[in-house]
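K.L.:
Below you'll find entry.cif; it's mmCIF, C-alpha atoms and all ligand atoms.
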data_protein
loop_
_atom_site.label_atom_id
_atom_site.label_comp_id
_atom_site.auth_asym_id
_atom_site.auth_seq_id
_atom_site.Cartn_x
_atom_site.Cartn_y
_atom_site.Cartn_z
CA MET A 257 -13.35 0.36 14.83
CA SER A 258 -12.84 1.11 18.49
CA ASN A 259 -12.74 4.55 20.06
CA SER A 260 -9.29 4.07 21.51
CA ALA A 261 -7.99 3.15 18.06
CA SER A 262 -9.45 6.22 16.48
CA ARG A 263 -8.07 8.43 19.30
CA SER A 264 -4.50 7.34 18.59
CA GLY A 265 -5.16 7.22 14.87
CA GLN A 266 -6.28 10.80 15.21
CA GLN A 267 -2.89 11.76 16.70
CA LEU A 268 -1.14 10.11 13.77
CA ALA A 269 -3.44 11.92 11.32
CA SER A 270 -2.57 15.28 12.96
CA LEU A 271 1.13 14.50 12.74
CA ILE A 272 0.82 13.59 9.09
CA GLN A 273 -1.21 16.69 8.36
CA GLN A 274 1.61 18.78 9.85
CA GLN A 275 3.92 17.08 7.36
CA GLY A 276 1.93 18.40 4.42
CA ILE A 277 -0.78 15.84 3.71
CA SER A 278 -4.04 17.72 3.21
CA ASN A 279 -6.45 15.27 1.59
CA THR A 280 -9.23 14.94 4.16
CA LYS A 281 -10.29 11.48 2.96
CA VAL A 282 -6.76 10.19 3.49
CA LEU A 283 -6.44 11.86 6.90
CA GLN A 284 -9.79 10.40 7.92
CA ALA A 285 -8.74 6.90 6.88
CA ILE A 286 -5.49 7.25 8.87
CA ALA A 287 -7.46 8.51 11.87
CA ASN A 288 -9.85 5.54 11.66
CA THR A 289 -7.23 2.81 11.33
CA PRO A 290 -5.78 1.18 14.45
CA ARG A 291 -2.15 0.89 13.29
CA GLN A 292 -1.27 -0.94 16.50
CA SER A 293 -3.27 -3.91 15.16
CA PHE A 294 -0.83 -4.17 12.24
CA VAL A 295 2.38 -4.59 14.26
CA GLU A 296 3.55 -7.12 16.83
CA PRO A 297 2.15 -6.46 20.33
CA ALA A 298 5.70 -5.65 21.54
CA LEU A 299 5.82 -2.71 19.13
CA ALA A 300 2.27 -1.51 19.67
CA HIS A 301 3.47 1.44 21.77
CA LYS A 302 5.32 2.72 18.68
CA ALA A 303 2.44 2.22 16.28
CA PHE A 304 1.37 5.85 16.32
CA GLU A 305 4.82 7.24 15.68
CA ASN A 306 5.57 8.28 12.15
CA THR A 307 8.15 5.55 11.55
CA ALA A 308 8.50 2.33 9.60
CA LEU A 309 8.54 -0.76 11.89
CA PRO A 310 9.59 -4.40 11.41
CA ILE A 311 6.77 -6.88 10.70
CA GLY A 312 8.84 -10.08 10.53
CA LYS A 313 10.42 -11.96 7.61
CA GLY A 314 12.74 -8.99 7.07
CA GLN A 315 9.83 -6.78 5.98
CA THR A 316 8.51 -3.47 7.31
CA ILE A 317 5.23 -1.64 7.71
CA SER A 318 5.79 1.60 5.78
CA GLN A 319 6.13 5.00 7.39
CA PRO A 320 2.60 6.45 7.78
CA VAL A 321 3.43 9.72 6.03
CA VAL A 322 4.64 7.72 3.01
CA VAL A 323 1.47 5.59 3.04
CA ALA A 324 -0.57 8.81 3.19
CA HIS A 325 1.43 10.49 0.44
CA MET A 326 1.12 7.55 -1.95
CA THR A 327 -2.59 7.25 -1.23
CA GLU A 328 -3.08 10.96 -1.82
CA LEU A 329 -1.29 10.66 -5.16
CA LEU A 330 -3.59 7.83 -6.20
CA LEU A 331 -6.72 9.75 -5.25
CA GLU A 332 -5.59 12.93 -7.01
CA GLN A 333 -5.66 11.08 -10.31
CA GLY A 334 -9.42 10.80 -10.18
CA GLN A 335 -12.14 8.34 -9.38
CA ALA A 336 -11.39 4.65 -9.54
CA GLN A 337 -13.57 1.92 -8.14
CA SER A 338 -10.84 -0.52 -7.40
CA VAL A 339 -7.10 -0.56 -6.85
CA LEU A 340 -4.36 -3.17 -7.12
CA GLU A 341 -1.74 -3.15 -4.37
CA ILE A 342 1.54 -5.05 -4.71
CA GLY A 343 3.15 -5.97 -1.35
CA THR A 344 0.38 -6.53 1.21
CA GLY A 345 2.89 -6.82 4.08
CA SER A 346 1.15 -5.99 7.35
CA GLY A 347 -2.05 -5.00 5.56
CA TYR A 348 -1.97 -1.43 6.89
CA GLN A 349 -1.80 0.26 3.49
CA THR A 350 -4.47 -2.22 2.34
CA ALA A 351 -6.71 -1.11 5.23
CA ILE A 352 -6.34 2.55 4.24
CA LEU A 353 -7.17 1.76 0.61
CA ALA A 354 -10.14 -0.40 1.61
CA GLN A 355 -11.74 2.67 3.18
CA LEU A 356 -11.29 4.74 0.02
CA TYR A 357 -12.10 2.31 -2.79
CA ASP A 358 -14.97 -0.08 -3.37
CA HIS A 359 -12.54 -2.95 -3.74
CA VAL A 360 -8.85 -3.65 -3.14
CA TYR A 361 -6.88 -6.42 -4.85
CA THR A 362 -3.59 -7.11 -3.09
CA VAL A 363 -0.69 -9.44 -3.87
CA GLU A 364 1.94 -10.70 -1.38
CA ARG A 365 4.72 -13.24 -1.90
CA ILE A 366 5.16 -14.27 1.76
CA LYS A 367 2.27 -16.48 2.79
CA SER A 368 2.55 -15.97 6.56
CA LEU A 369 2.36 -12.17 6.15
CA GLN A 370 -0.63 -12.51 3.87
CA PHE A 371 -2.34 -14.77 6.38
CA GLN A 372 -1.78 -12.30 9.23
CA ALA A 373 -2.94 -9.37 7.12
CA ARG A 374 -6.14 -11.21 6.22
CA ARG A 375 -6.90 -11.86 9.88
CA ARG A 376 -6.24 -8.24 10.84
CA LEU A 377 -8.48 -6.82 8.13
CA GLN A 378 -11.29 -9.12 9.20
CA GLN A 379 -10.81 -8.06 12.82
CA ILE A 380 -11.38 -4.43 11.92
CA ASP A 381 -14.33 -5.30 9.70
CA LEU A 382 -12.85 -4.54 6.31
CA HIS A 383 -14.20 -7.15 3.91
CA ASN A 384 -13.79 -5.54 0.50
CA VAL A 385 -10.28 -6.93 -0.06
CA SER A 386 -9.22 -9.84 -2.28
CA MET A 387 -5.79 -11.33 -1.60
CA LYS A 388 -3.49 -13.33 -3.81
CA HIS A 389 -0.35 -15.20 -2.86
CA GLY A 390 1.85 -14.50 -5.83
CA ASP A 391 4.67 -12.62 -7.47
CA GLY A 392 3.82 -8.94 -7.71
CA TRP A 393 6.09 -8.54 -10.75
CA LYS A 394 3.30 -10.37 -12.60
CA GLY A 395 0.45 -8.28 -11.16
CA TRP A 396 -2.96 -9.97 -11.01
CA LYS A 397 -3.86 -10.55 -14.60
CA SER A 398 -7.30 -12.13 -14.27
CA LYS A 399 -8.67 -9.00 -12.55
CA ALA A 400 -7.02 -6.50 -14.93
CA PRO A 401 -7.25 -3.81 -16.21
CA TYR A 402 -6.82 -1.46 -13.24
CA SER A 403 -7.15 2.29 -13.23
CA ALA A 404 -4.94 2.48 -10.12
CA ILE A 405 -1.96 0.33 -9.08
CA ILE A 406 0.24 0.97 -6.04
CA VAL A 407 3.48 -0.88 -5.32
CA THR A 408 4.77 -0.78 -1.75
CA ALA A 409 8.19 -2.34 -2.36
CA ALA A 410 11.00 -0.95 -4.52
CA ALA A 411 11.32 -2.46 -7.99
CA ALA A 412 14.74 -2.49 -9.68
CA SER A 413 12.90 -1.50 -12.86
CA VAL A 414 9.24 -0.83 -13.68
CA PRO A 415 7.55 -4.23 -14.09
CA GLU A 416 6.34 -4.54 -17.70
CA GLU A 417 3.39 -6.66 -16.66
CA LEU A 418 2.03 -3.93 -14.35
CA LEU A 419 2.12 -1.44 -17.23
CA ASN A 420 0.22 -4.00 -19.33
CA GLN A 421 -2.46 -4.28 -16.66
CA LEU A 422 -3.26 -0.53 -16.56
CA SER A 423 -6.42 0.72 -18.21
CA ASP A 424 -6.30 3.73 -20.53
CA GLY A 425 -5.81 6.75 -18.26
CA GLY A 426 -4.73 4.44 -15.44
CA ILE A 427 -1.90 5.24 -13.06
CA LEU A 428 0.88 3.33 -11.34
CA VAL A 429 2.54 4.65 -8.16
CA ILE A 430 5.82 2.80 -7.63
CA PRO A 431 9.20 3.22 -5.94
CA VAL A 432 11.94 2.39 -8.46
CA GLY A 433 15.60 1.73 -7.75
CA GLU A 434 17.84 -0.21 -5.42
CA ASP A 435 19.99 1.85 -3.02
CA GLN A 436 18.69 5.11 -4.49
CA GLN A 437 14.96 4.90 -4.95
CA MET A 438 12.57 7.31 -6.62
CA LEU A 439 8.81 7.26 -6.11
CA LYS A 440 7.33 7.51 -9.60
CA LEU A 441 3.87 8.30 -10.88
CA ILE A 442 3.33 6.63 -14.25
CA LYS A 443 0.27 7.34 -16.35
CA LYS A 444 -0.98 5.39 -19.33
CA GLN A 445 -2.42 7.47 -22.16
CA GLY A 446 -3.40 5.44 -25.19
CA ASP A 447 -0.33 3.47 -26.16
CA SER A 448 2.14 5.66 -24.32
CA PHE A 449 3.22 6.22 -20.74
CA SER A 450 4.31 9.40 -18.97
CA SER A 451 6.41 9.24 -15.84
CA THR A 452 6.84 11.87 -13.10
CA ASP A 453 9.42 11.71 -10.31
CA ILE A 454 7.75 12.45 -6.98
CA ALA A 455 10.23 11.96 -4.11
CA ASN A 456 13.20 10.00 -2.84
CA VAL A 457 12.01 7.07 -0.75
CA LYS A 458 13.32 3.97 1.01
CA PHE A 459 11.44 0.69 0.65
CA VAL A 460 12.32 -2.98 1.00
CA PRO A 461 12.95 -4.56 -2.42
CA LEU A 462 10.29 -5.98 -4.71
CA VAL A 463 11.86 -9.41 -4.77
CA PRO A 464 12.00 -11.30 -8.04
CA GLY A 465 11.61 -15.05 -8.23
CA ASP A 466 10.32 -17.87 -6.07
CA LEU A 467 7.53 -17.48 -3.57
CA ASP A 468 7.89 -18.20 0.13
N1 LIG B 501 2.15 -2.12 2.31
C1 LIG B 501 2.90 -2.80 3.31
C2 LIG B 501 4.39 -2.66 3.09
C3 LIG B 501 5.09 -3.93 3.36
S1 LIG B 501 6.77 -4.03 2.88
C4 LIG B 501 2.48 -2.34 4.69
O1 LIG B 501 1.77 -1.34 4.81
O2 LIG B 501 2.80 -3.02 5.68
C5 LIG B 501 6.68 -4.70 1.26
C6 LIG B 501 6.01 -6.03 1.09
O3 LIG B 501 6.19 -6.42 -0.27
C7 LIG B 501 6.60 -7.17 1.94
O4 LIG B 501 5.58 -7.78 2.67
C8 LIG B 501 7.19 -8.13 0.91
O5 LIG B 501 7.09 -9.48 1.26
C9 LIG B 501 6.35 -7.82 -0.32
N2 LIG B 501 6.99 -8.20 -1.56
C10 LIG B 501 8.30 -8.09 -1.89
N3 LIG B 501 8.50 -8.56 -3.13
C11 LIG B 501 7.29 -8.97 -3.60
C12 LIG B 501 6.86 -9.56 -4.83
N4 LIG B 501 7.70 -9.82 -5.82
N5 LIG B 501 5.55 -9.86 -4.93
C13 LIG B 501 4.66 -9.61 -3.94
N6 LIG B 501 5.02 -9.06 -2.77
C14 LIG B 501 6.32 -8.74 -2.59
#
Before anything else, please render the file you have as structure tokens.
P.N.:
Amino acid sequence: MSNSASRSGQQLASLIQQQGISNTKVLQAIANTPRQSFVEPALAHKAFENTALPIGKGQTISQPVVVAHMTELLLEQGQAQSVLEIGTGSGYQTAILAQLYDHVYTVERIKSLQFQARRRLQQIDLHNVSMKHGDGWKGWKSKAPYSAIIVTAAAASVPEELLNQLSDGGILVIPVGEDQQMLKLIKKQGDSFSSTDIANVKFVPLVPGDLD
């Protein structure tokens, strides 16, 4: 990754640190990731501000502090080799995860966004990502179980199939709700699940139904 990218990434990491993110691995990944590569060139000058930005097709690249917070939550739950992400979008969150896990599985329902994300990840030399064009409500069954799942769109209710794809001790980080959304941390223990409310958030919806 280029020096100029890491310089601006470094500014973003400092900003995020000021907002309470302390995990050094997460801050390092933010510092190393050229967020400007994940937005349209016309918005590149805003890429290192701590705001969500449009990425086309009515979707957004999430606010960096939210990306960092969700990633920190995942890491706090202990070692996992791989992670399933639902909602690839720009691929920015995927890029952060790819630096922290051996392998990332990511599912996106809009093919053109998936295509762009794939190209971007290759450009910055991240090759430990498998992508699926599919409905995230269904997870990615053939690769299950997962000890970590992150959803980057708001689900009206917790998708049953994602709970089914967690390993014992596995965790799911997911925004739940429509207008009012709550970021939840759900943990599977044996046959039961515990759920903790983390923060109010604002994500685009996890759309049910047909693919693009
Ligand atoms: N992690 C992304 C956030 C993108 S916004 C980033 O860092 O840029 C959420 C994404 O979820 C959008 O790209 C949207 O198309 C996708 N999405 C919405 N509903 C989905 C579904 N049912 N299955 C898979 N992806 C979905």
K.L.:
Please, what is the axis-aligned box for every listed atom of ligand LIG 501 (chain B) with 3 Å on each side, as centre and edge lengths in Å to one decimal, as AutoDock Vina command-line options?
P.N.:
--center_x 5.1 --center_y -5.6 --center_z -0.1 --size_x 12.7 --size_y 14.5 --size_z 17.5
K.L.:
Go through A:Gly426, A:Val360, A:Leu329, A:Ala412 one by one, measure the shortest atom-to-atom distance of each to Trp396 in chain A using only C-alpha atoms, and give the residue with the smallest value.
P.N.:
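Nearest candidate to Trp396 in chain A out of A:Gly426, A:Val360, A:Leu329, A:Ala412: A:Val360.
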K.L.:
Hey, which residues sit close to ligand LIG 501 (chain B)? Say within 6 Å, counting all atoms listed in the file, and write them as an mmCIF file with C-alpha atoms, in the coordinates of the input.
P.N.:
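Final output, saved to out_3.cif:
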data_model
loop_
_atom_site.group_PDB
_atom_site.id
_atom_site.type_symbol
_atom_site.label_atom_id
_atom_site.label_comp_id
_atom_site.auth_asym_id
_atom_site.auth_seq_id
_atom_site.Cartn_x
_atom_site.Cartn_y
_atom_site.Cartn_z
ATOM 1 C CA GLN A 315 9.830 -6.780 5.980
ATOM 2 C CA THR A 316 8.510 -3.470 7.310
ATOM 3 C CA ILE A 317 5.230 -1.640 7.710
ATOM 4 C CA SER A 318 5.790 1.600 5.780
ATOM 5 C CA ILE A 342 1.540 -5.050 -4.710
ATOM 6 C CA GLY A 343 3.150 -5.970 -1.350
ATOM 7 C CA THR A 344 0.380 -6.530 1.210
ATOM 8 C CA GLY A 345 2.890 -6.820 4.080
ATOM 9 C CA SER A 346 1.150 -5.990 7.350
ATOM 10 C CA GLY A 347 -2.050 -5.000 5.560
ATOM 11 C CA TYR A 348 -1.970 -1.430 6.890
ATOM 12 C CA GLN A 349 -1.800 0.260 3.490
ATOM 13 C CA VAL A 363 -0.690 -9.440 -3.870
ATOM 14 C CA GLU A 364 1.940 -10.700 -1.380
ATOM 15 C CA ARG A 365 4.720 -13.240 -1.900
ATOM 16 C CA ILE A 366 5.160 -14.270 1.760
ATOM 17 C CA GLY A 390 1.850 -14.500 -5.830
ATOM 18 C CA ASP A 391 4.670 -12.620 -7.470
ATOM 19 C CA GLY A 392 3.820 -8.940 -7.710
ATOM 20 C CA TRP A 393 6.090 -8.540 -10.750
ATOM 21 C CA THR A 408 4.770 -0.780 -1.750
ATOM 22 C CA ALA A 409 8.190 -2.340 -2.360
ATOM 23 C CA VAL A 460 12.320 -2.980 1.000
ATOM 24 C CA PRO A 461 12.950 -4.560 -2.420
ATOM 25 C CA LEU A 462 10.290 -5.980 -4.710
ATOM 26 C CA VAL A 463 11.860 -9.410 -4.770
ATOM 27 C CA PRO A 464 12.000 -11.300 -8.040
#
K.L.:
For each of A:Ile406, A:Leu309, A:Ile272, A:Ala287, take the minimum atom-to-atom distance to Val429 in chain A, counting all atoms listed in the file, then give the residue where this is smallest.
P.N.:
A:Ile406
K.L.:
Smallest atom-to-atom distance to Gln274 in chain A: which of A:Ala308, A:Val321, A:Leu377, A:Ala300, using only C-alpha atoms?
P.N.:
A:Val321
